[in-house]
>>> print(open('coords11.txt').read())   # compact mmCIF, C-alpha atoms
# COMPACT_ATOMS: atom_id res chain seq x y z
CA MET A 1 163.48 -72.95 32.27
CA LYS A 2 164.36 -74.64 29.03
CA ILE A 3 163.65 -73.27 25.55
CA LEU A 4 164.02 -75.14 22.26
CA ILE A 5 165.29 -72.96 19.41
CA ALA A 6 164.38 -74.53 16.05
CA ASP A 7 165.96 -72.64 13.15
CA ASP A 8 168.18 -73.87 10.33
CA GLU A 9 170.37 -70.72 10.37
CA ASP A 10 173.29 -70.77 12.78
CA ILE A 11 173.47 -66.97 13.02
CA VAL A 12 169.86 -66.83 14.19
CA ARG A 13 170.31 -69.68 16.69
CA THR A 14 173.48 -68.10 18.10
CA SER A 15 171.81 -64.73 18.52
CA LEU A 16 168.70 -66.20 20.19
CA ASP A 17 170.88 -68.39 22.41
CA GLY A 18 172.74 -65.34 23.72
CA ILE A 19 169.56 -63.35 24.25
CA LEU A 20 167.75 -66.12 26.13
CA LYS A 21 170.73 -67.09 28.30
CA LYS A 22 172.01 -63.62 29.13
CA GLY A 23 168.72 -61.74 29.11
CA GLY A 24 166.37 -64.27 30.69
CA ASP A 25 168.60 -66.85 32.37
CA TYR A 26 166.95 -69.55 30.27
CA GLU A 27 168.55 -72.87 29.37
CA THR A 28 168.54 -73.52 25.62
CA ASP A 29 168.49 -76.47 23.26
CA PHE A 30 168.59 -76.50 19.46
CA ALA A 31 166.96 -78.18 16.49
CA PHE A 32 168.43 -77.69 13.03
CA ASP A 33 165.36 -78.69 11.02
CA GLY A 34 161.67 -79.45 11.48
CA GLU A 35 162.16 -83.19 11.83
CA GLU A 36 164.65 -82.78 14.68
CA ALA A 37 162.32 -80.26 16.33
CA VAL A 38 159.45 -82.78 16.37
CA LYS A 39 161.73 -85.50 17.78
CA LYS A 40 163.03 -83.25 20.55
CA ILE A 41 159.56 -81.98 21.45
CA GLY A 42 158.49 -85.61 21.80
CA SER A 43 161.42 -86.63 23.98
CA THR A 44 162.24 -83.59 26.13
CA PHE A 45 160.21 -81.25 28.32
CA TYR A 46 160.49 -77.62 27.20
CA ASP A 47 158.93 -74.53 28.74
CA ALA A 48 158.63 -72.98 25.25
CA VAL A 49 159.66 -73.56 21.63
CA LEU A 50 160.86 -70.91 19.19
CA LEU A 51 160.06 -72.20 15.73
CA ASP A 52 161.26 -70.88 12.38
CA LEU A 53 158.60 -71.17 9.67
CA ASP A 54 160.89 -72.02 6.74
CA MET A 55 162.87 -75.06 7.83
CA PRO A 56 164.15 -78.08 5.92
CA LYS A 57 162.24 -81.37 6.05
CA ILE A 58 159.17 -80.19 7.98
CA SER A 59 157.84 -76.61 7.93
CA GLY A 60 157.17 -74.65 11.11
CA TYR A 61 153.41 -74.91 10.52
CA ASP A 62 153.59 -78.72 10.40
CA VAL A 63 155.92 -78.89 13.42
CA LEU A 64 153.34 -76.87 15.36
CA ALA A 65 150.54 -79.26 14.37
CA LYS A 66 152.62 -82.28 15.46
CA ALA A 67 153.68 -80.52 18.69
CA ARG A 68 150.02 -79.99 19.55
CA GLU A 69 149.37 -83.74 19.26
CA ILE A 70 152.17 -84.37 21.78
CA HIS A 71 151.82 -81.38 24.18
CA PRO A 72 148.55 -79.45 23.76
CA ASP A 73 149.66 -76.68 26.16
CA LEU A 74 153.31 -76.23 25.09
CA PRO A 75 154.00 -72.53 24.36
CA VAL A 76 155.10 -72.31 20.71
CA ILE A 77 156.32 -69.06 19.18
CA PHE A 78 156.88 -68.59 15.46
CA LEU A 79 160.01 -66.85 14.18
CA THR A 80 158.85 -65.15 11.01
CA GLY A 81 160.64 -63.25 8.29
CA LYS A 82 157.94 -63.59 5.67
CA ALA A 83 154.77 -64.43 7.50
CA ASP A 84 151.64 -65.19 5.59
CA ALA A 85 149.23 -63.24 7.83
CA ARG A 86 146.30 -65.54 7.02
CA LYS A 87 148.25 -68.71 7.88
CA VAL A 88 149.62 -67.22 11.10
CA ALA A 89 146.09 -66.19 12.11
CA GLU A 90 144.90 -69.74 11.39
CA SER A 91 147.72 -71.15 13.52
CA ILE A 92 146.76 -68.87 16.40
CA ALA A 93 143.12 -69.95 16.19
CA LYS A 94 143.47 -73.66 15.36
CA GLU A 95 146.76 -74.66 16.96
CA HIS A 96 146.87 -72.13 19.82
CA LEU A 97 150.08 -70.51 18.61
CA SER A 98 151.39 -68.54 21.61
CA GLY A 99 152.95 -65.67 19.69
CA PHE A 100 155.35 -64.69 16.95
CA ILE A 101 158.63 -62.80 16.70
CA GLU A 102 159.33 -60.96 13.50
CA LYS A 103 162.85 -61.05 12.06
CA PRO A 104 164.94 -59.00 12.45
CA PHE A 105 164.36 -58.86 16.21
CA THR A 106 165.87 -57.15 19.23
CA PRO A 107 166.59 -58.83 22.60
CA GLU A 108 163.66 -56.89 24.05
CA ASP A 109 161.26 -58.32 21.42
CA VAL A 110 162.39 -61.88 22.09
CA LEU A 111 162.38 -61.73 25.90
CA ASP A 112 159.00 -60.00 26.00
CA VAL A 113 157.22 -62.57 23.78
CA VAL A 114 158.86 -65.57 25.48
CA SER A 115 158.10 -64.45 29.04
CA LYS A 116 154.46 -63.71 28.15
CA ALA A 117 154.01 -67.12 26.48
CA ILE A 118 155.47 -68.95 29.48
CA LYS A 119 153.36 -66.92 31.91
CA VAL A 120 150.14 -67.80 30.05
CA ARG A 121 150.96 -71.53 30.29
CA ARG A 122 151.56 -71.25 34.01
CA VAL A 123 148.25 -69.45 34.58
CA MET B 1 160.93 -55.51 -7.83
CA PHE B 2 162.64 -58.28 -5.87
CA ASP B 3 161.48 -61.81 -5.35
CA ASP B 4 159.87 -61.93 -1.91
CA GLN B 5 161.90 -65.00 -0.96
CA ILE B 6 165.16 -63.07 -1.49
CA LEU B 7 163.89 -60.33 0.81
CA HIS B 8 162.94 -62.94 3.38
CA ASP B 9 166.40 -64.55 3.12
CA LEU B 10 168.02 -61.19 3.89
CA LYS B 11 166.10 -60.96 7.17
CA ASN B 12 167.96 -63.92 8.72
CA PRO B 13 171.43 -62.28 8.66
CA LEU B 14 169.80 -59.04 9.77
CA ALA B 15 168.22 -60.86 12.73
CA GLY B 16 171.70 -62.13 13.63
CA ILE B 17 173.00 -58.55 13.59
CA THR B 18 170.14 -56.89 15.51
CA GLY B 19 169.91 -59.69 18.07
CA SER B 20 173.62 -59.88 18.81
CA VAL B 21 174.26 -56.13 18.76
CA GLY B 22 171.24 -55.67 21.03
CA LEU B 23 172.85 -58.01 23.55
CA PHE B 24 175.82 -55.64 23.84
CA LEU B 25 173.78 -52.42 23.83
CA GLU B 26 171.39 -53.65 26.52
CA GLY B 27 174.40 -54.36 28.73
CA LEU B 28 173.78 -58.11 28.84
CA LEU B 29 177.40 -58.88 27.94
CA GLY B 30 178.95 -56.44 30.39
CA PRO B 31 179.79 -52.74 30.41
CA LEU B 32 180.87 -50.93 27.23
CA ASP B 33 183.17 -47.94 26.93
CA GLU B 34 181.94 -44.89 24.98
CA ASP B 35 183.79 -45.79 21.75
CA GLN B 36 182.43 -49.35 21.77
CA LYS B 37 178.91 -48.06 22.44
CA LYS B 38 179.17 -45.49 19.65
CA GLN B 39 180.25 -48.06 17.06
CA LEU B 40 177.63 -50.62 18.14
CA GLU B 41 174.92 -47.95 17.95
CA ASN B 42 176.14 -47.22 14.44
CA ILE B 43 175.67 -50.89 13.49
CA GLU B 44 172.24 -50.90 15.13
CA LEU B 45 171.06 -47.79 13.25
CA SER B 46 172.41 -49.16 9.97
CA ALA B 47 170.44 -52.37 10.57
CA LYS B 48 167.31 -50.34 11.33
CA LYS B 49 167.66 -48.54 7.99
CA LEU B 50 168.19 -51.81 6.14
CA THR B 51 165.17 -53.32 7.86
CA LEU B 52 163.02 -50.38 6.78
CA PHE B 53 164.20 -50.67 3.16
CA LEU B 54 163.58 -54.44 3.11
CA LYS B 55 160.10 -54.14 4.54
CA GLU B 56 159.26 -51.43 2.03
CA LEU B 57 160.45 -53.58 -0.87
CA SER B 58 158.41 -56.49 0.44
CA VAL B 59 155.25 -54.33 0.61
CA VAL B 60 155.88 -52.95 -2.89
CA GLY B 61 156.30 -56.48 -4.26
CA CYS B 62 153.04 -57.63 -2.64
CA ALA B 63 151.16 -54.51 -3.82
CA GLU B 64 152.37 -54.89 -7.39
CA ASN B 65 151.25 -58.54 -7.39
CA GLY B 66 147.87 -57.62 -5.95
CA GLN B 67 148.67 -59.52 -2.74
CA LEU B 68 149.04 -56.72 -0.21
CA THR B 69 147.10 -57.53 2.96
CA VAL B 70 145.82 -54.47 4.84
CA GLY B 71 144.77 -55.24 8.42
CA LYS B 72 142.89 -52.18 9.64
CA THR B 73 142.52 -51.61 13.38
CA ALA B 74 141.74 -48.56 15.50
CA PHE B 75 144.73 -47.24 17.44
CA ARG B 76 146.10 -43.95 18.78
CA ALA B 77 148.55 -42.09 16.55
CA ALA B 78 150.77 -41.49 19.61
CA GLU B 79 151.33 -45.26 19.89
CA LEU B 80 153.56 -45.03 16.81
CA VAL B 81 156.01 -42.63 18.47
CA PRO B 82 158.26 -45.35 20.01
CA GLU B 83 158.80 -46.74 16.49
CA LEU B 84 160.34 -43.40 15.52
CA ASP B 85 162.86 -43.50 18.34
CA TRP B 86 165.71 -44.78 16.14
CA ILE B 87 165.21 -41.86 13.72
CA LYS B 88 165.41 -39.41 16.62
CA ARG B 89 168.74 -40.98 17.63
CA LEU B 90 169.93 -40.83 14.03
CA ALA B 91 168.99 -37.14 13.88
CA ALA B 92 170.81 -36.43 17.15
CA LYS B 93 173.99 -38.00 15.78
CA GLU B 94 173.79 -35.55 12.88
CA GLU B 95 173.15 -32.61 15.23
CA LYS B 96 169.56 -32.29 14.10
CA SER B 97 166.37 -32.56 16.10
CA ILE B 98 162.77 -33.60 15.56
CA ALA B 99 159.70 -31.76 16.85
CA LEU B 100 156.71 -34.03 17.36
CA GLY B 101 153.20 -32.63 17.67
CA ILE B 102 150.83 -35.51 18.23
CA ASP B 103 147.76 -35.20 20.44
CA GLU B 104 147.56 -38.25 22.74
CA LYS B 105 143.83 -38.59 22.06
CA LEU B 106 143.89 -38.78 18.26
CA SER B 107 143.13 -42.21 16.90
CA LEU B 108 142.99 -43.63 13.40
CA SER B 109 141.66 -46.66 11.59
CA ALA B 110 144.55 -48.08 9.62
CA ASP B 111 147.10 -50.86 9.24
CA ARG B 112 149.40 -50.19 12.16
CA GLU B 113 152.56 -51.68 10.65
CA LEU B 114 152.12 -50.06 7.24
CA THR B 115 151.45 -46.67 8.86
CA ALA B 116 154.52 -47.02 11.08
CA LEU B 117 156.68 -47.82 8.03
CA VAL B 118 155.35 -44.79 6.11
CA LEU B 119 156.03 -42.52 9.09
CA GLN B 120 159.54 -43.92 9.52
CA ASP B 121 160.28 -43.43 5.83
CA LEU B 122 158.98 -39.87 5.61
CA LEU B 123 160.49 -38.77 8.92
CA HIS B 124 163.83 -40.29 7.95
CA ASN B 125 163.65 -38.34 4.70
CA ALA B 126 162.65 -35.13 6.49
CA VAL B 127 165.70 -35.51 8.74
CA ARG B 128 167.95 -36.04 5.71
CA GLN B 129 166.61 -32.82 4.18
CA THR B 130 167.11 -30.82 7.35
CA GLU B 131 170.27 -28.74 7.65
CA ARG B 132 172.73 -29.55 10.42
CA GLY B 133 171.53 -27.80 13.57
CA GLY B 134 168.01 -27.61 12.19
CA ARG B 135 164.78 -29.32 13.14
CA ALA B 136 162.42 -31.61 11.21
CA GLY B 137 158.81 -31.80 12.29
CA LEU B 138 155.95 -34.26 12.44
CA THR B 139 152.45 -33.16 13.38
CA VAL B 140 149.16 -35.03 13.35
CA THR B 141 145.89 -33.09 13.29
CA ASP B 142 142.25 -34.08 13.24
CA LYS B 143 140.56 -32.93 10.04
CA LYS B 144 137.18 -34.30 11.15
CA LYS B 145 135.44 -35.90 8.17
CA ASP B 146 138.70 -35.82 6.18
CA GLY B 147 140.44 -38.03 8.76
CA LEU B 148 143.84 -37.50 10.37
CA LEU B 149 146.40 -35.37 8.60
CA PHE B 150 150.06 -36.35 9.09
CA GLU B 151 152.50 -33.58 8.08
CA LEU B 152 156.28 -33.89 7.87
CA VAL B 153 158.33 -30.76 7.31
CA SER B 154 162.01 -30.17 6.72
CA ASN B 155 163.88 -26.91 6.38
CA GLY B 156 166.61 -27.79 3.89
CA SER B 157 167.64 -25.17 1.36
CA SER B 158 167.00 -27.47 -1.62
CA SER B 159 163.54 -27.99 -3.05
CA PHE B 160 161.78 -29.95 -5.78
CA PRO B 161 161.18 -28.10 -9.06
CA SER B 162 157.45 -27.37 -9.20
CA GLU B 163 157.04 -29.25 -12.49
CA GLN B 164 158.32 -32.43 -10.77
CA LEU B 165 155.99 -32.39 -7.77
CA ALA B 166 153.29 -34.38 -9.55
CA HIS B 167 155.79 -37.15 -10.27
CA VAL B 168 157.78 -37.66 -7.07
CA PHE B 169 155.67 -40.66 -5.98
CA GLU B 170 156.20 -42.52 -9.26
CA LYS B 171 158.15 -45.77 -9.11
CA ASP B 172 161.17 -44.76 -11.15
CA PHE B 173 161.32 -41.08 -10.13
CA ARG B 174 164.47 -41.50 -8.04
CA THR B 175 166.23 -43.44 -10.79
CA LYS B 176 165.23 -40.99 -13.52
CA HIS B 177 166.11 -37.87 -11.53
CA GLN B 178 169.56 -38.51 -10.12
CA GLU B 179 169.96 -34.76 -9.60
CA LEU B 180 167.16 -34.96 -7.01
CA LYS B 181 168.43 -38.16 -5.37
CA MET B 182 169.26 -36.36 -2.15
CA MET B 183 165.70 -35.05 -1.92
CA THR B 184 163.93 -38.40 -2.15
CA SER B 185 163.75 -41.33 0.24
CA PRO B 186 166.27 -44.11 -0.41
CA GLY B 187 165.07 -47.53 -1.49
CA ALA B 188 161.45 -47.81 -2.59
CA GLY B 189 160.82 -44.63 -0.57
CA PHE B 190 158.09 -42.34 -1.81
CA TYR B 191 156.67 -44.97 -4.19
CA PHE B 192 156.23 -47.33 -1.24
CA CYS B 193 154.59 -44.55 0.81
CA LYS B 194 152.06 -43.85 -1.92
CA LEU B 195 151.15 -47.55 -2.30
CA ALA B 196 150.89 -48.05 1.47
CA VAL B 197 148.77 -44.95 2.11
CA GLU B 198 146.42 -45.51 -0.84
CA ALA B 199 145.97 -49.21 0.06
CA GLN B 200 144.50 -47.95 3.35
CA GLY B 201 142.09 -45.56 1.64
CA GLY B 202 144.26 -42.48 2.25
CA GLN B 203 145.88 -39.79 0.12
CA ILE B 204 149.46 -38.53 -0.01
CA GLY B 205 150.95 -35.29 -1.32
CA ILE B 206 153.91 -32.91 -1.28
CA GLU B 207 154.64 -29.18 -1.35
CA SER B 208 158.13 -27.86 -1.77
CA ARG B 209 159.88 -24.51 -1.96
CA PRO B 210 163.39 -23.41 -0.96
CA GLY B 211 163.58 -23.62 2.82
CA LEU B 212 160.53 -25.80 3.31
CA THR B 213 159.41 -29.18 2.01
CA ARG B 214 156.13 -30.52 3.37
CA LEU B 215 155.02 -34.10 2.85
CA PHE B 216 151.58 -35.03 4.06
CA PHE B 217 149.14 -37.90 4.07
CA ARG B 218 145.64 -38.47 5.34
CA LEU B 219 144.21 -41.64 6.85
CA PRO B 220 140.71 -42.33 8.17
CA ALA B 221 140.12 -41.40 11.83
CA GLY B 222 139.43 -44.28 14.24
>>> encode(input="coords11.txt", output="structure tokens")
Amino acid sequence: MKILIADDEDIVRTSLDGILKKGGDYETDFAFDGEEAVKKIGSTFYDAVLLDLDMPKISGYDVLAKAREIHPDLPVIFLTGKADARKVAESIAKEHLSGFIEKPFTPEDVLDVVSKAIKVRRV
Amino acid sequence: MFDDQILHDLKNPLAGITGSVGLFLEGLLGPLDEDQKKQLENIELSAKKLTLFLKELSVVGCAENGQLTVGKTAFRAAELVPELDWIKRLAAKEEKSIALGIDEKLSLSADRELTALVLQDLLHNAVRQTERGGRAGLTVTDKKKDGLLFELVSNGSSSFPSEQLAHVFEKDFRTKHQELKMMTSPGAGFYFCKLAVEAQGGQIGIESRPGLTRLFFRLPAG
């Protein structure tokens, strides 16, 4: 299964890459900003997307909205360090956000949220 | 306090640390010898402490700007115990222990994350106050119409002067009273706890004498 990691910080991408590959046997791909994330979501099939909220060019919220236009059932998980609770709640309700992972995270947090999001899509 | 964006920016390098160290500690990168495990656990516990301090500062900043969001839900007090696990491990490293007395059935109506942060802060402080070989304690009791009472006790030989007890939850108490620095929670500490408890409609207090310091707070029952 293939997961897109969209985060502008290399240290976060590297950490998530290791967790997903070693802990869940997932294949990974990367986007360095919101614009690249939208392009990749449009051109590649992913089983889930991990999306940072504060990214250059296009914010995580806007990437989610665009992703929904392309793939209504794609599991999208926010990576949040400073989540606005109201906006996250809106994203869950309006854009069917699959879940969120709060930074800093542990491998257990990441693998748990990702596997649940993928399972829901399959059901 | 700090700009919230700065606090947010600090969480990215912390996520790199907790995520990557977790990979080693969960055995996903192969077996570790005892020395490697010990040092990685040290990094993990340091990151846990930093995370707690950052989250507290973030809450204080929001509260002072009138932007603190309190999301009350009903949950069992015992559900918070796993979030105290890292403090138990920290205590064990210092040859101290923690006695928990929480009835499985007790539930409260509160903001789960804020309550967990307050408990982590006060339990961490109780462990710091406890003498090597000693035991800190956390109990939760049902006070019926007065809600749930959370009590944290430590048995250190130091105590707060009685004339200071009314002031320990003030913002600049720790800065003003360097002589009592070892008695108060690091970071935003007690000030954070007061803001977080009162934002949920609760009360917080302290009693202290040589050999026993008791911090307590009440929150509505669920």
>>> closest_residue(input="coords11.txt", among="B:Asp85, B:Asp103, B:Asp172, B:Asp111", to="B:Gly201", atoms="all atoms listed in the file")
B:Asp111
>>> atom_distance(input="coords11.txt", atom1="atom CA of B:Leu80", atom2="atom CA of B:Ala116")
6.1 Å
>>> interface_residues(input="coords11.txt", of="chain B", to="chain A", cutoff="6 Å", atoms="only C-alpha atoms", output="number ranges by chain")
B: 8, 11, 14-16, 18-20, 22, 28
>>> residues_around(input="coords11.txt", residues="stretch 173-188 of chain B", least_positions_apart="4", cutoff="10 Å", atoms="all atoms listed in the file", output="PyMOL selection string")
chain B and resi 1+49-50+52-60+121-126+128-129+156+158-161+164+167-169+192-193+213
>>> atom_distance(input="coords11.txt", atom1="atom CA of A:Glu69", atom2="atom CA of A:Lys116")
22.5 Å
>>> atom_distance(input="coords11.txt", atom1="atom CA of B:Ser208", atom2="atom CA of B:Glu95")
23.2 Å
>>> decode(input="coords11.txt", residues="stretch 114-131 of chain B", atoms="N, CA and C atoms", output="mmCIF file, in the first residue's frame")
data_model
loop_
_atom_site.group_PDB
_atom_site.id
_atom_site.type_symbol
_atom_site.label_atom_id
_atom_site.label_comp_id
_atom_site.auth_asym_id
_atom_site.auth_seq_id
_atom_site.Cartn_x
_atom_site.Cartn_y
_atom_site.Cartn_z
ATOM 1 N N LEU B 114 -6.724 18.678 28.211
ATOM 2 C CA LEU B 114 -6.291 19.627 29.249
ATOM 3 C C LEU B 114 -6.100 18.910 30.584
ATOM 4 N N THR B 115 -7.052 18.017 30.909
ATOM 5 C CA THR B 115 -6.973 17.299 32.187
ATOM 6 C C THR B 115 -5.737 16.395 32.208
ATOM 7 N N ALA B 116 -5.467 15.747 31.081
ATOM 8 C CA ALA B 116 -4.282 14.879 31.022
ATOM 9 C C ALA B 116 -3.005 15.698 31.215
ATOM 10 N N LEU B 117 -2.957 16.894 30.634
ATOM 11 C CA LEU B 117 -1.763 17.741 30.787
ATOM 12 C C LEU B 117 -1.587 18.177 32.243
ATOM 13 N N VAL B 118 -2.691 18.550 32.889
ATOM 14 C CA VAL B 118 -2.617 18.975 34.300
ATOM 15 C C VAL B 118 -2.109 17.814 35.157
ATOM 16 N N LEU B 119 -2.662 16.629 34.914
ATOM 17 C CA LEU B 119 -2.235 15.464 35.709
ATOM 18 C C LEU B 119 -0.757 15.154 35.481
ATOM 19 N N GLN B 120 -0.323 15.238 34.223
ATOM 20 C CA GLN B 120 1.091 14.972 33.931
ATOM 21 C C GLN B 120 1.974 15.994 34.647
ATOM 22 N N ASP B 121 1.575 17.245 34.592
ATOM 23 C CA ASP B 121 2.370 18.297 35.225
ATOM 24 C C ASP B 121 2.474 18.067 36.736
ATOM 25 N N LEU B 122 1.322 17.860 37.372
ATOM 26 C CA LEU B 122 1.333 17.761 38.839
ATOM 27 C C LEU B 122 1.979 16.455 39.312
ATOM 28 N N LEU B 123 1.778 15.385 38.557
ATOM 29 C CA LEU B 123 2.413 14.125 38.954
ATOM 30 C C LEU B 123 3.927 14.204 38.753
ATOM 31 N N HIS B 124 4.324 14.840 37.661
ATOM 32 C CA HIS B 124 5.760 15.030 37.416
ATOM 33 C C HIS B 124 6.376 15.826 38.561
ATOM 34 N N ASN B 125 5.659 16.854 38.995
ATOM 35 C CA ASN B 125 6.164 17.673 40.097
ATOM 36 C C ASN B 125 6.198 16.871 41.406
ATOM 37 N N ALA B 126 5.151 16.073 41.625
ATOM 38 C CA ALA B 126 5.111 15.264 42.861
ATOM 39 C C ALA B 126 6.294 14.297 42.892
ATOM 40 N N VAL B 127 6.633 13.746 41.733
ATOM 41 C CA VAL B 127 7.784 12.825 41.664
ATOM 42 C C VAL B 127 9.080 13.587 41.960
ATOM 43 N N ARG B 128 9.192 14.790 41.422
ATOM 44 C CA ARG B 128 10.406 15.596 41.672
ATOM 45 C C ARG B 128 10.566 15.864 43.159
ATOM 46 N N GLN B 129 9.440 16.082 43.841
ATOM 47 C CA GLN B 129 9.495 16.417 45.276
ATOM 48 C C GLN B 129 9.770 15.206 46.169
ATOM 49 N N THR B 130 9.523 14.029 45.600
ATOM 50 C CA THR B 130 9.654 12.806 46.398
ATOM 51 C C THR B 130 11.122 12.410 46.552
ATOM 52 N N GLU B 131 11.472 12.012 47.758
ATOM 53 C CA GLU B 131 12.855 11.604 48.034
ATOM 54 C C GLU B 131 13.155 10.288 47.313
#
